[in-house]
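J.: For reference, this is upload-v8.txt, and it has compact mmCIF, C-alpha atoms and all ligand atoms.
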```
# COMPACT_ATOMS: atom_id res chain seq x y z
CA MET A 101 121.53 -24.06 -54.50
CA ILE A 102 123.56 -25.11 -57.52
CA ASP A 103 126.90 -26.38 -56.39
CA ARG A 104 130.05 -26.70 -58.38
CA ARG A 105 129.56 -30.40 -58.98
CA THR A 106 126.03 -29.93 -60.32
CA LEU A 107 127.33 -27.37 -62.75
CA ILE A 108 130.01 -29.79 -63.84
CA ALA A 109 127.48 -32.56 -64.31
CA GLY A 110 125.15 -30.35 -66.32
CA ALA A 111 127.62 -28.91 -68.74
CA GLY A 112 128.39 -31.17 -71.69
CA SER A 113 131.93 -30.06 -72.38
CA ALA A 114 132.78 -30.00 -68.69
CA VAL A 115 131.65 -33.61 -68.38
CA ALA A 116 134.28 -34.63 -70.90
CA ALA A 117 136.93 -32.77 -68.93
CA SER A 118 135.73 -34.17 -65.63
CA VAL A 119 136.10 -37.73 -66.89
CA LEU A 120 139.80 -36.95 -66.83
CA GLY A 121 139.54 -35.70 -63.26
CA ALA A 122 140.40 -32.15 -64.28
CA PRO A 123 137.93 -29.59 -62.85
CA LEU A 124 138.69 -29.47 -59.14
CA ALA A 125 142.28 -30.58 -59.37
CA SER A 126 143.29 -27.00 -60.07
CA ALA A 127 142.10 -26.02 -56.60
CA ALA A 128 144.34 -28.67 -55.05
CA ARG A 129 147.27 -27.39 -57.07
CA ARG A 130 146.57 -23.90 -55.72
CA SER A 131 146.78 -25.19 -52.12
CA GLY A 132 149.94 -27.13 -52.80
CA GLY A 133 148.26 -30.49 -52.19
CA ALA A 134 149.55 -30.88 -48.62
CA PHE A 135 147.21 -32.70 -46.21
CA PRO A 136 146.93 -31.63 -42.58
CA LYS A 137 149.38 -32.97 -40.02
CA GLY A 138 148.03 -36.13 -38.40
CA PHE A 139 145.82 -36.99 -41.40
CA LEU A 140 144.94 -40.67 -41.28
CA TRP A 141 146.21 -42.70 -44.22
CA GLY A 142 145.14 -46.30 -44.22
CA THR A 143 143.41 -49.26 -45.72
CA SER A 144 140.08 -50.83 -44.82
CA THR A 145 139.04 -54.46 -44.49
CA ALA A 146 136.19 -56.45 -42.96
CA ALA A 147 136.50 -59.68 -41.00
CA HIS A 148 134.31 -62.03 -43.04
CA GLN A 149 135.86 -60.84 -46.28
CA ILE A 150 139.46 -61.72 -45.35
CA GLU A 151 139.65 -63.85 -42.19
CA GLY A 152 138.43 -67.17 -43.58
CA ASN A 153 136.60 -70.07 -41.96
CA ASN A 154 134.10 -67.83 -40.27
CA ILE A 155 131.86 -70.85 -39.88
CA ASN A 156 129.62 -69.50 -37.15
CA ALA A 157 128.62 -66.45 -39.19
CA ASP A 158 125.14 -66.18 -40.69
CA LEU A 159 126.46 -65.99 -44.24
CA TRP A 160 128.44 -69.21 -44.05
CA VAL A 161 125.11 -71.06 -44.10
CA ILE A 162 123.89 -69.15 -47.16
CA GLU A 163 127.16 -69.47 -49.10
CA ASN A 164 127.14 -73.22 -48.57
CA LEU A 165 123.53 -73.96 -49.51
CA PRO A 166 123.08 -76.29 -52.46
CA GLY A 167 122.35 -74.02 -55.42
CA THR A 168 123.48 -70.86 -53.57
CA MET A 169 123.50 -67.65 -55.61
CA PHE A 170 126.91 -66.81 -54.19
CA ALA A 171 129.63 -67.06 -56.83
CA ASP A 172 132.05 -68.61 -54.31
CA ARG A 173 132.16 -69.80 -50.71
CA SER A 174 134.22 -67.49 -48.51
CA GLY A 175 136.20 -70.59 -47.40
CA ASP A 176 139.72 -69.72 -46.29
CA ALA A 177 139.43 -66.18 -47.69
CA ALA A 178 142.89 -64.59 -47.32
CA ASN A 179 143.44 -66.49 -44.05
CA SER A 180 143.83 -63.18 -42.28
CA PHE A 181 142.55 -64.70 -39.06
CA GLU A 182 146.04 -66.28 -38.89
CA LEU A 183 147.95 -63.81 -41.01
CA TRP A 184 146.84 -60.52 -39.47
CA PRO A 185 150.44 -59.67 -38.39
CA THR A 186 151.51 -60.01 -42.04
CA ASP A 187 148.64 -57.74 -43.03
CA LEU A 188 149.60 -55.12 -40.46
CA ASP A 189 153.19 -55.30 -41.71
CA LEU A 190 151.91 -54.60 -45.23
CA VAL A 191 150.03 -51.52 -44.00
CA LYS A 192 153.05 -50.28 -42.09
CA GLY A 193 155.36 -51.12 -45.00
CA MET A 194 153.32 -48.81 -47.19
CA GLY A 195 154.05 -45.95 -44.80
CA LEU A 196 150.40 -45.70 -43.76
CA ASN A 197 149.39 -44.77 -40.22
CA SER A 198 145.97 -46.40 -39.85
CA TYR A 199 144.17 -49.71 -40.37
CA ARG A 200 140.42 -50.25 -40.39
CA PHE A 201 139.17 -53.73 -39.62
CA SER A 202 136.06 -55.24 -38.08
CA LEU A 203 135.26 -57.43 -35.11
CA GLU A 204 133.48 -60.64 -35.97
CA TRP A 205 130.48 -60.86 -33.67
CA ALA A 206 129.99 -64.55 -34.55
CA ARG A 207 133.42 -65.38 -33.11
CA ILE A 208 133.11 -63.19 -30.02
CA GLU A 209 129.59 -64.37 -29.10
CA PRO A 210 129.37 -67.82 -30.70
CA ASP A 211 126.25 -68.66 -28.70
CA LYS A 212 123.70 -66.20 -27.46
CA GLY A 213 125.00 -64.71 -24.21
CA HIS A 214 128.25 -66.73 -24.21
CA PHE A 215 131.24 -64.55 -24.92
CA SER A 216 134.66 -65.89 -25.86
CA ASN A 217 137.55 -64.31 -23.99
CA ALA A 218 139.95 -66.02 -26.38
CA MET A 219 138.35 -64.28 -29.36
CA LEU A 220 138.23 -60.95 -27.56
CA ASP A 221 141.95 -61.46 -26.87
CA HIS A 222 142.49 -62.17 -30.56
CA TYR A 223 141.10 -58.77 -31.51
CA LYS A 224 142.97 -57.17 -28.61
CA ALA A 225 146.19 -58.60 -30.03
CA MET A 226 145.31 -57.00 -33.39
CA ILE A 227 144.68 -53.64 -31.75
CA ASP A 228 147.93 -53.91 -29.79
CA GLY A 229 149.66 -55.05 -33.01
CA CYS A 230 148.45 -51.87 -34.71
CA ARG A 231 149.68 -49.72 -31.85
CA MET A 232 153.10 -51.43 -31.84
CA ARG A 233 153.46 -50.58 -35.52
CA GLY A 234 152.29 -47.00 -35.09
CA LEU A 235 148.95 -47.71 -36.79
CA HIS A 236 145.77 -46.01 -35.57
CA PRO A 237 143.13 -48.79 -35.23
CA ALA A 238 139.75 -47.87 -36.70
CA VAL A 239 137.43 -50.65 -35.59
CA THR A 240 134.00 -51.50 -37.00
CA PHE A 241 131.96 -53.36 -34.40
CA ASN A 242 129.72 -54.96 -37.03
CA HIS A 243 130.47 -55.17 -40.73
CA PHE A 244 127.34 -56.90 -42.09
CA THR A 245 127.71 -60.51 -40.87
CA THR A 246 126.01 -61.50 -37.61
CA PRO A 247 126.16 -64.75 -35.63
CA ARG A 248 124.17 -67.69 -36.99
CA TRP A 249 122.03 -67.78 -33.85
CA PHE A 250 121.15 -64.10 -34.33
CA ALA A 251 120.00 -64.66 -37.93
CA ALA A 252 118.05 -67.75 -36.82
CA GLN A 253 116.13 -65.62 -34.31
CA GLY A 254 114.99 -63.11 -36.91
CA GLY A 255 118.24 -61.14 -37.24
CA TRP A 256 117.67 -57.40 -37.27
CA GLN A 257 113.91 -57.98 -37.45
CA ASN A 258 113.90 -59.48 -33.96
CA PRO A 259 112.59 -56.90 -31.43
CA GLU A 260 115.48 -57.94 -29.16
CA ALA A 261 118.08 -57.07 -31.84
CA PRO A 262 119.03 -53.57 -30.63
CA ASP A 263 119.64 -54.83 -27.11
CA LEU A 264 121.57 -57.86 -28.32
CA PHE A 265 123.82 -55.63 -30.40
CA ALA A 266 124.28 -53.16 -27.53
CA ARG A 267 125.23 -56.01 -25.19
CA PHE A 268 127.83 -57.17 -27.73
CA CYS A 269 129.18 -53.60 -28.05
CA ASP A 270 129.39 -53.31 -24.28
CA ARG A 271 131.34 -56.58 -23.90
CA ALA A 272 133.64 -55.83 -26.80
CA ALA A 273 134.25 -52.25 -25.67
CA ARG A 274 135.08 -53.32 -22.12
CA HIS A 275 137.77 -55.63 -23.51
CA LEU A 276 139.01 -53.53 -26.40
CA ALA A 277 138.09 -49.86 -26.24
CA GLY A 278 141.29 -48.82 -24.44
CA GLY A 279 143.36 -49.31 -27.59
CA ILE A 280 140.87 -48.34 -30.31
CA GLY A 281 141.44 -45.10 -32.20
CA HIS A 282 138.04 -44.65 -33.86
CA ALA A 283 135.03 -46.93 -33.37
CA MET A 284 132.23 -47.51 -35.87
CA THR A 285 129.01 -49.27 -34.91
CA LEU A 286 127.49 -50.56 -38.19
CA ASN A 287 128.74 -50.62 -41.76
CA GLU A 288 126.56 -49.05 -44.47
CA PRO A 289 123.25 -49.64 -42.65
CA ASN A 290 121.68 -47.01 -44.92
CA LEU A 291 121.45 -49.67 -47.63
CA SER A 292 119.47 -52.10 -45.46
CA GLY A 293 116.02 -52.81 -46.81
CA VAL A 294 116.48 -50.53 -49.84
CA ILE A 295 119.41 -52.03 -51.74
CA GLY A 296 117.16 -54.63 -53.38
CA GLU A 297 115.05 -51.88 -54.97
CA ILE A 298 117.74 -50.94 -57.42
CA LEU A 299 118.60 -54.51 -58.43
CA PRO A 300 116.87 -56.89 -60.82
CA ARG A 301 113.76 -58.49 -59.24
CA GLN A 302 115.02 -62.02 -59.74
CA LEU A 303 117.99 -61.31 -57.46
CA MET A 304 115.64 -60.31 -54.62
CA GLU A 305 113.55 -63.40 -55.24
CA GLY A 306 116.63 -65.61 -55.34
CA ASP A 307 117.81 -64.18 -52.03
CA ARG A 308 114.38 -64.74 -50.47
CA LYS A 309 114.49 -68.37 -51.54
CA MET A 310 117.97 -68.85 -50.07
CA GLN A 311 116.79 -67.46 -46.73
CA LEU A 312 113.79 -69.82 -46.74
CA GLN A 313 116.08 -72.73 -47.63
CA ALA A 314 118.46 -71.83 -44.77
CA ALA A 315 115.55 -71.59 -42.31
CA LYS A 316 114.35 -75.03 -43.37
CA LEU A 317 117.82 -76.51 -43.08
CA LEU A 318 118.23 -75.16 -39.55
CA GLY A 319 114.65 -75.92 -38.55
CA VAL A 320 113.77 -72.34 -37.63
CA ALA A 321 110.87 -70.12 -38.62
CA SER A 322 113.00 -67.59 -40.47
CA TYR A 323 116.64 -66.88 -41.18
CA SER A 324 117.62 -63.27 -41.74
CA PRO A 325 121.35 -62.74 -42.37
CA GLY A 326 123.09 -59.37 -42.15
CA VAL A 327 124.04 -59.54 -45.83
CA ASN A 328 120.85 -59.61 -47.84
CA LEU A 329 118.94 -58.15 -50.75
CA TRP A 330 115.51 -59.23 -49.50
CA VAL A 331 114.14 -58.55 -46.03
CA GLU A 332 110.64 -59.48 -44.95
CA ASN A 333 109.95 -56.25 -43.11
CA ALA A 334 112.27 -53.49 -44.25
CA ALA A 335 110.77 -50.86 -41.92
CA VAL A 336 111.34 -53.00 -38.83
CA TYR A 337 114.80 -54.01 -40.00
CA ARG A 338 115.83 -50.40 -40.47
CA ALA A 339 114.27 -49.18 -37.23
CA ASN A 340 116.05 -51.91 -35.27
CA GLN A 341 119.38 -51.13 -36.87
CA MET A 342 118.93 -47.46 -36.05
CA GLU A 343 118.11 -48.29 -32.45
CA GLY A 344 120.97 -50.81 -32.41
CA HIS A 345 123.35 -48.07 -33.56
CA ARG A 346 122.03 -45.67 -30.89
CA ARG A 347 122.34 -48.19 -28.07
CA GLY A 348 125.59 -49.66 -29.38
CA ALA A 349 127.20 -46.22 -29.60
CA ALA A 350 125.98 -45.38 -26.11
CA ALA A 351 127.40 -48.66 -24.77
CA ILE A 352 130.82 -47.90 -26.29
CA LYS A 353 130.75 -44.35 -24.99
CA ALA A 354 129.79 -45.58 -21.52
CA VAL A 355 133.03 -47.55 -21.46
CA ARG A 356 135.23 -44.80 -22.92
CA SER A 357 133.62 -41.41 -23.30
CA ASP A 358 136.60 -39.89 -25.14
CA LEU A 359 136.60 -42.54 -27.91
CA PRO A 360 135.27 -41.08 -31.19
CA VAL A 361 132.29 -43.20 -32.26
CA GLY A 362 130.67 -43.02 -35.69
CA VAL A 363 128.82 -44.95 -38.33
CA THR A 364 129.86 -45.57 -41.93
CA LEU A 365 127.43 -44.83 -44.76
CA ALA A 366 127.54 -45.81 -48.42
CA ILE A 367 127.13 -42.53 -50.29
CA LEU A 368 127.13 -42.11 -54.04
CA ASP A 369 127.95 -38.75 -55.55
CA ASP A 370 124.41 -38.08 -56.74
CA GLN A 371 124.31 -35.22 -59.19
CA ALA A 372 121.27 -33.27 -60.35
CA VAL A 373 120.92 -32.80 -64.09
CA GLY A 374 118.39 -30.43 -65.66
CA GLN A 375 115.00 -29.26 -64.40
CA ASN A 376 113.14 -31.25 -61.72
CA SER A 377 115.93 -33.74 -61.19
CA MET A 378 114.93 -36.59 -58.89
CA ARG A 379 118.34 -36.35 -57.17
CA ASP A 380 117.04 -34.93 -53.89
CA ARG A 381 114.31 -37.57 -53.59
CA ILE A 382 116.94 -40.26 -54.13
CA ARG A 383 119.16 -38.71 -51.49
CA GLU A 384 116.34 -38.65 -48.98
CA ARG A 385 115.46 -42.29 -49.69
CA TYR A 386 118.98 -43.67 -49.44
CA TYR A 387 120.70 -41.47 -46.89
CA GLY A 388 118.23 -39.04 -45.27
CA GLU A 389 117.26 -40.73 -42.03
CA TRP A 390 120.73 -42.15 -41.37
CA LEU A 391 122.43 -38.80 -41.93
CA ARG A 392 120.02 -37.20 -39.46
CA LEU A 393 120.66 -39.96 -36.93
CA ALA A 394 124.42 -39.71 -37.42
CA ALA A 395 124.31 -35.95 -36.87
CA ARG A 396 122.63 -36.54 -33.48
CA THR A 397 124.62 -39.53 -32.28
CA CYS A 398 128.08 -39.57 -33.85
CA ASP A 399 131.42 -37.86 -33.34
CA PHE A 400 132.35 -38.38 -36.99
CA LEU A 401 130.84 -39.74 -40.19
CA GLY A 402 132.50 -42.51 -42.19
CA VAL A 403 131.91 -41.86 -45.90
CA GLN A 404 132.21 -44.80 -48.31
CA ASN A 405 132.10 -43.95 -51.97
CA TYR A 406 132.75 -45.80 -55.20
CA GLU A 407 130.59 -44.06 -57.81
CA ARG A 408 128.67 -41.06 -58.98
CA LYS A 409 125.17 -41.14 -60.46
CA ARG A 410 123.58 -38.38 -62.50
CA TRP A 411 119.84 -37.99 -62.13
CA ASP A 412 117.45 -36.09 -64.37
CA ALA A 413 113.69 -35.82 -63.90
CA ASN A 414 113.10 -39.40 -65.02
CA GLY A 415 115.92 -41.43 -63.56
CA ALA A 416 119.62 -42.18 -63.70
CA LEU A 417 121.52 -41.16 -66.82
CA PRO A 418 123.93 -43.57 -68.46
CA PRO A 419 127.61 -42.85 -67.90
CA PRO A 420 129.24 -40.59 -70.49
CA GLU A 421 130.47 -42.48 -73.49
CA GLY A 422 134.09 -43.54 -73.26
CA SER A 423 134.26 -43.04 -69.49
CA PRO A 424 136.37 -45.50 -67.50
CA ARG A 425 134.36 -48.42 -66.07
CA ASN A 426 134.86 -50.75 -63.12
CA GLY A 427 134.64 -54.54 -63.28
CA GLY A 428 130.87 -54.34 -62.86
CA GLY A 429 130.44 -51.88 -65.75
CA ALA A 430 129.78 -48.78 -63.62
CA GLU A 431 131.50 -45.49 -64.34
CA VAL A 432 134.68 -44.67 -62.43
CA TRP A 433 134.74 -40.92 -61.88
CA ALA A 434 137.57 -39.36 -59.92
CA GLY A 435 135.43 -36.59 -58.45
CA SER A 436 132.83 -38.89 -56.90
CA LEU A 437 134.56 -39.25 -53.55
CA ALA A 438 134.85 -35.49 -53.08
CA GLY A 439 131.19 -35.03 -54.01
CA ALA A 440 130.03 -37.65 -51.50
CA VAL A 441 132.24 -36.23 -48.78
CA ARG A 442 130.95 -32.71 -49.35
CA TYR A 443 127.35 -33.94 -49.19
CA GLY A 444 127.98 -36.00 -46.03
CA TRP A 445 129.48 -33.00 -44.33
CA GLU A 446 126.82 -30.52 -45.48
CA ALA A 447 124.11 -32.87 -44.20
CA THR A 448 125.67 -33.60 -40.80
CA ARG A 449 128.38 -30.99 -40.11
CA LEU A 450 130.38 -33.87 -38.62
CA PRO A 451 134.08 -34.37 -39.23
CA ILE A 452 134.47 -36.86 -42.07
CA ILE A 453 136.70 -39.88 -42.40
CA VAL A 454 136.76 -41.62 -45.76
CA THR A 455 136.37 -45.14 -44.42
CA GLU A 456 136.17 -46.74 -47.89
CA HIS A 457 136.99 -45.71 -51.43
CA GLY A 458 138.45 -47.78 -54.21
CA VAL A 459 137.63 -49.63 -57.38
CA ASN A 460 136.66 -53.13 -58.38
CA SER A 461 139.00 -53.79 -61.27
CA ASP A 462 141.49 -56.31 -62.60
CA ASP A 463 143.20 -53.37 -64.27
CA ASP A 464 145.43 -52.04 -61.53
CA ALA A 465 146.42 -49.12 -63.76
CA LEU A 466 142.87 -47.83 -63.24
CA ARG A 467 143.34 -48.00 -59.46
CA ALA A 468 146.75 -46.35 -59.73
CA TRP A 469 145.16 -43.53 -61.74
CA LEU A 470 142.11 -43.20 -59.51
CA ILE A 471 143.91 -42.82 -56.18
CA PRO A 472 145.78 -39.57 -56.88
CA ALA A 473 143.00 -38.22 -59.09
CA ALA A 474 140.37 -38.73 -56.37
CA LEU A 475 142.67 -37.42 -53.66
CA LYS A 476 143.27 -34.20 -55.60
CA GLU A 477 139.52 -33.68 -55.70
CA LEU A 478 139.22 -34.58 -52.02
CA LYS A 479 141.94 -32.07 -51.15
CA ALA A 480 140.04 -29.42 -53.10
CA VAL A 481 136.90 -29.86 -50.94
CA MET A 482 139.10 -29.80 -47.85
CA ASP A 483 140.49 -26.50 -49.07
CA ASP A 484 136.89 -25.31 -49.30
CA GLY A 485 136.57 -26.00 -45.56
CA VAL A 486 135.21 -29.54 -45.37
CA PRO A 487 136.88 -31.18 -42.35
CA VAL A 488 138.24 -34.52 -43.58
CA GLN A 489 140.39 -36.39 -41.09
CA GLY A 490 141.48 -39.44 -43.03
CA TYR A 491 141.45 -41.58 -46.15
CA LEU A 492 141.23 -45.37 -45.73
CA HIS A 493 141.39 -47.17 -49.04
CA TRP A 494 139.24 -50.23 -49.74
CA SER A 495 140.98 -52.52 -49.70
CA LEU A 496 144.31 -53.77 -48.40
CA LEU A 497 143.75 -57.09 -50.16
CA ASP A 498 141.59 -58.64 -52.81
CA ASN A 499 138.86 -60.29 -50.80
CA PHE A 500 135.51 -62.05 -50.62
CA GLU A 501 133.21 -59.56 -52.32
CA TRP A 502 129.97 -61.05 -50.97
CA GLY A 503 127.74 -62.43 -53.76
CA PHE A 504 130.49 -61.87 -56.32
CA GLY A 505 132.87 -64.08 -54.38
CA TYR A 506 136.49 -63.63 -55.38
CA HIS A 507 135.64 -62.35 -58.86
CA HIS A 508 135.45 -58.65 -57.95
CA ARG A 509 138.85 -57.42 -56.87
CA PHE A 510 139.45 -54.20 -54.93
CA GLY A 511 142.88 -54.98 -53.45
CA LEU A 512 146.10 -53.04 -53.33
CA HIS A 513 147.50 -56.55 -52.93
CA SER A 514 146.52 -59.85 -54.46
CA PHE A 515 146.95 -63.14 -52.61
CA ASP A 516 147.53 -66.73 -53.61
CA PRO A 517 144.51 -68.79 -52.50
CA LYS A 518 146.71 -71.81 -51.71
CA THR A 519 149.77 -70.29 -50.03
CA PHE A 520 148.08 -67.00 -49.01
CA LYS A 521 151.22 -65.16 -50.10
CA ARG A 522 150.41 -61.49 -50.60
CA THR A 523 151.76 -59.59 -53.62
CA ALA A 524 151.68 -55.81 -53.85
CA LYS A 525 150.11 -54.30 -56.95
CA PRO A 526 151.66 -51.11 -58.39
CA SER A 527 148.75 -49.07 -56.96
CA ALA A 528 150.00 -49.89 -53.43
CA ALA A 529 153.15 -47.90 -54.18
CA VAL A 530 151.04 -45.01 -55.48
CA LEU A 531 149.09 -44.73 -52.22
CA ALA A 532 152.30 -45.26 -50.23
CA ARG A 533 154.03 -42.40 -52.01
CA ILE A 534 151.17 -40.00 -51.32
CA ALA A 535 150.86 -41.06 -47.68
CA ARG A 536 154.58 -40.77 -47.00
CA ALA A 537 154.67 -37.29 -48.52
CA ASN A 538 151.32 -36.39 -46.90
CA ARG A 539 150.53 -34.60 -50.13
CA VAL A 540 149.06 -35.34 -53.50
O1 LIG B 601 133.28 -54.98 -50.08
C1 LIG B 601 132.37 -53.96 -49.81
C2 LIG B 601 132.36 -53.67 -48.31
O2 LIG B 601 132.06 -54.80 -47.55
C3 LIG B 601 131.32 -52.61 -48.01
N1 LIG B 601 131.47 -51.46 -48.86
C4 LIG B 601 131.61 -51.68 -50.28
C5 LIG B 601 132.73 -52.70 -50.52
C6 LIG B 601 132.93 -52.89 -52.03
O3 LIG B 601 131.75 -53.31 -52.64
```
In structure tokens, what does this structure look like?
T.:
Amino acid sequence: MIDRRTLIAGAGSAVAASVLGAPLASAARRSGGAFPKGFLWGTSTAAHQIEGNNINADLWVIENLPGTMFADRSGDAANSFELWPTDLDLVKGMGLNSYRFSLEWARIEPDKGHFSNAMLDHYKAMIDGCRMRGLHPAVTFNHFTTPRWFAAQGGWQNPEAPDLFARFCDRAARHLAGGIGHAMTLNEPNLSGVIGEILPRQLMEGDRKMQLQAAKLLGVASYSPGVNLWVENAAVYRANQMEGHRRGAAAIKAVRSDLPVGVTLAILDDQAVGQNSMRDRIRERYYGEWLRLAARTCDFLGVQNYERKRWDANGALPPPEGSPRNGGGAEVWAGSLAGAVRYGWEATRLPIIVTEHGVNSDDDALRAWLIPAALKELKAVMDDGVPVQGYLHWSLLDNFEWGFGYHHRFGLHSFDPKTFKRTAKPSAAVLARIARANRV
């Protein structure tokens, strides 16, 4: 079936118009642009990227290796471990009604089987802090980083991994589930074991060497962190994450059956161009098995989108000339979020929450343009009947963007790395205005 987006991608003149975010916006104008009552408006973050001093996490070892490939150490990050009340005040101050953040497994279970009540209380205080401010807490149980001990025992390649994750979910849910609004098991697990395929070979090799170096340093046979490009056995890694999701979701549900539980997937807006496009093969490779699993095990699907890619019979096409680019050189296309959301829904028929969308750019004007442009397109697919329940922008703050350190910036706010003072960028006011009006 040729959908509207494929037609847009295929037609030369329409591509030029779509760069300006024009094609679907007319549909949103027709509907008046009003979002449903109770729509979740929020921002997303992840513990390791903002908390700081997450020294027991697997990645801390890698970031601090001599000769690490990481551009920066996470270090203090935005010191959100201390400053979370300030962060929640920022979210509330923007007129948003939701905040997505993640639990840090390495803090809650610093040693295998030893759980910290103090750390569980820390996250409980955050959940209560959200509730006190009228913010709906959307909580990711694991956003990439795992405890050091977990990585040192094979990480997700350890046959025990699904049970270890389920035990963590059970403990965390028993302490925290009462106040959570939406729970997510894993973040973007669909990229595990396949992300390295689309990157230069030397990056994979560099990552492999860092893992070997970390294993040697710690005196263990292997060290497999939750943030990686290279994994020794991708099939086992993926199978264990899938089973971990299944058992983790069941453990959360066993504590609170009425709590909506989902998983978040990284989904590009993949568009087919011309005859025999490889688009559908790409979709199967990167999303297929996780979308099928989500459809069977989740109450909602978290869609995370940053880009579109156009595929012909031979591969990905370069972005149209003159199109806006992000800090990494990829095209920024306002319709990509709507395309990914439509695909996620068609594949699963689950209610959708946009759990991440944003842009890596030092040019905040690009972010300020993208937010309303993408939301108009999103509203248009909602008007077509796709059930979208929320939009959580990545990210509240500039943060530790993994291998890129602090050089890739997605924040609606910047922060001073010495004083940790947060400063709103103009794009924060753009999202705030839309959320307050509940219309775009
Ligand atoms: O920063 C990441 C996040 O951890 C997962 N999704 C994509 C974001 C931007 O690259």
J.: Give as a PyMOL selection string the residues surrounding ligand LIG 601 (chain B) up to a distance of 9 Å, considering all atoms listed in the file.
T.: chain A and resi 144-146+148-149+243-244+287-288+365-366+404-406+456-460+494-495+499-502+508-510
J.: Just write the chosen residues, C-alpha atoms, as a CSV table (one decimal), keeping the file's coordinate frame.
T.:
```csv
chain,number,residue,atom,x,y,z
A,144,SER,CA,140.1,-50.8,-44.8
A,145,THR,CA,139.0,-54.5,-44.5
A,146,ALA,CA,136.2,-56.4,-43.0
A,148,HIS,CA,134.3,-62.0,-43.0
A,149,GLN,CA,135.9,-60.8,-46.3
A,243,HIS,CA,130.5,-55.2,-40.7
A,244,PHE,CA,127.3,-56.9,-42.1
A,287,ASN,CA,128.7,-50.6,-41.8
A,288,GLU,CA,126.6,-49.0,-44.5
A,365,LEU,CA,127.4,-44.8,-44.8
A,366,ALA,CA,127.5,-45.8,-48.4
A,404,GLN,CA,132.2,-44.8,-48.3
A,405,ASN,CA,132.1,-44.0,-52.0
A,406,TYR,CA,132.8,-45.8,-55.2
A,456,GLU,CA,136.2,-46.7,-47.9
A,457,HIS,CA,137.0,-45.7,-51.4
A,458,GLY,CA,138.4,-47.8,-54.2
A,459,VAL,CA,137.6,-49.6,-57.4
A,460,ASN,CA,136.7,-53.1,-58.4
A,494,TRP,CA,139.2,-50.2,-49.7
A,495,SER,CA,141.0,-52.5,-49.7
A,499,ASN,CA,138.9,-60.3,-50.8
A,500,PHE,CA,135.5,-62.0,-50.6
A,501,GLU,CA,133.2,-59.6,-52.3
A,502,TRP,CA,130.0,-61.0,-51.0
A,508,HIS,CA,135.4,-58.6,-58.0
A,509,ARG,CA,138.8,-57.4,-56.9
A,510,PHE,CA,139.4,-54.2,-54.9
```
J.: Please compute the CA of Ala283 (chain A)-CA of Asp158 (chain A) distance, one decimal, in Å.
T.: 22.8 Å
J.: Mind checking which residues fall within 7 Å of Phe170 (chain A), counting all atoms listed in the file, ignoring those fewer than 6 positions away in the same chain, and posting them as a PyMOL selection string?
T.: chain A and resi 163+503-505
J.: Between A:Ala524, A:Ile162, A:Ala273, A:Ala480, which has the minimum distance to Gly132 (chain A) (counting only C-alpha atoms)?
T.: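 The shortest atom-to-atom distance to Gly132 (chain A) comes from A:Ala480.
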J.: If you measure from CA of Glu446 (chain A) to CA of Val294 (chain A), what distance in Å do you get, rounded to one decimal?
T.: 22.9 Å
J.: Mind pulling up the distance from CA of Asn290 (chain A) to CA of Ile352 (chain A)?
T.: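 Spanning CA of Ile352 (chain A) to CA of Asn290 (chain A) is a straight-line distance of 20.8 Å.
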J.: Skipping near chain neighbours, those fewer than 6 positions away, what residues fall within 12 Å of region 515-520 of chain A using only C-alpha atoms, listed as a VMD selection string?
T.: chain A and resid 150 to 152 174 to 184 186 to 187 496 to 500 506 509
J.: Let me see the file: selected residues, C-alpha atoms, as a short mmCIF file (atom, residue, chain, number, x, y, z; two decimals), keeping the file's coordinate frame.
T.:
```
data_model
loop_
_atom_site.label_atom_id
_atom_site.label_comp_id
_atom_site.auth_asym_id
_atom_site.auth_seq_id
_atom_site.Cartn_x
_atom_site.Cartn_y
_atom_site.Cartn_z
CA ILE A 150 139.46 -61.72 -45.35
CA GLU A 151 139.65 -63.85 -42.19
CA GLY A 152 138.43 -67.17 -43.58
CA SER A 174 134.22 -67.49 -48.51
CA GLY A 175 136.20 -70.59 -47.40
CA ASP A 176 139.72 -69.72 -46.29
CA ALA A 177 139.43 -66.18 -47.69
CA ALA A 178 142.89 -64.59 -47.32
CA ASN A 179 143.44 -66.49 -44.05
CA SER A 180 143.83 -63.18 -42.28
CA PHE A 181 142.55 -64.70 -39.06
CA GLU A 182 146.04 -66.28 -38.89
CA LEU A 183 147.95 -63.81 -41.01
CA TRP A 184 146.84 -60.52 -39.47
CA THR A 186 151.51 -60.01 -42.04
CA ASP A 187 148.64 -57.74 -43.03
CA LEU A 496 144.31 -53.77 -48.40
CA LEU A 497 143.75 -57.09 -50.16
CA ASP A 498 141.59 -58.64 -52.81
CA ASN A 499 138.86 -60.29 -50.80
CA PHE A 500 135.51 -62.05 -50.62
CA TYR A 506 136.49 -63.63 -55.38
CA ARG A 509 138.85 -57.42 -56.87
#
```
J.: Using all atoms listed in the file, list the residues that have an atom at most 8 Å from (128.5, -60.2, -22.6), coordinates as in the file, as a PyMOL selection string.
T.: chain A and resi 209+213-215+267-268+270-272
J.: Near Pro419 (chain A), counting all atoms listed in the file, which residues have an atom at most 10 Å away, once you skip same-chain residues fewer than 5 positions from it, shown as a list in words?
T.: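 My list of contacting residues is Val119, Arg408, Lys409, Arg410, Pro424, Arg425, Gly429, Ala430, Glu431, Val432 and Trp433 of chain A.
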J.: Would you kindly return, as a PDB file with C-alpha atoms, keeping the file's coordinate frame, each protein, DNA or RNA residue with an atom no farther than 7 Å from any atom of region 302-307 of chain A, considering only C-alpha atoms and excluding same-chain residues fewer than 4 positions away?
T.:
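selection00.pdb, freshly written:
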```pdb
ATOM      1  CA  GLY A 296     117.160 -54.630 -53.380  1.00  0.00           C
ATOM      2  CA  GLN A 311     116.790 -67.460 -46.730  1.00  0.00           C
ATOM      3  CA  ASN A 328     120.850 -59.610 -47.840  1.00  0.00           C
ATOM      4  CA  LEU A 329     118.940 -58.150 -50.750  1.00  0.00           C
ATOM      5  CA  TRP A 330     115.510 -59.230 -49.500  1.00  0.00           C
TER       6      TRP A 330
END
```
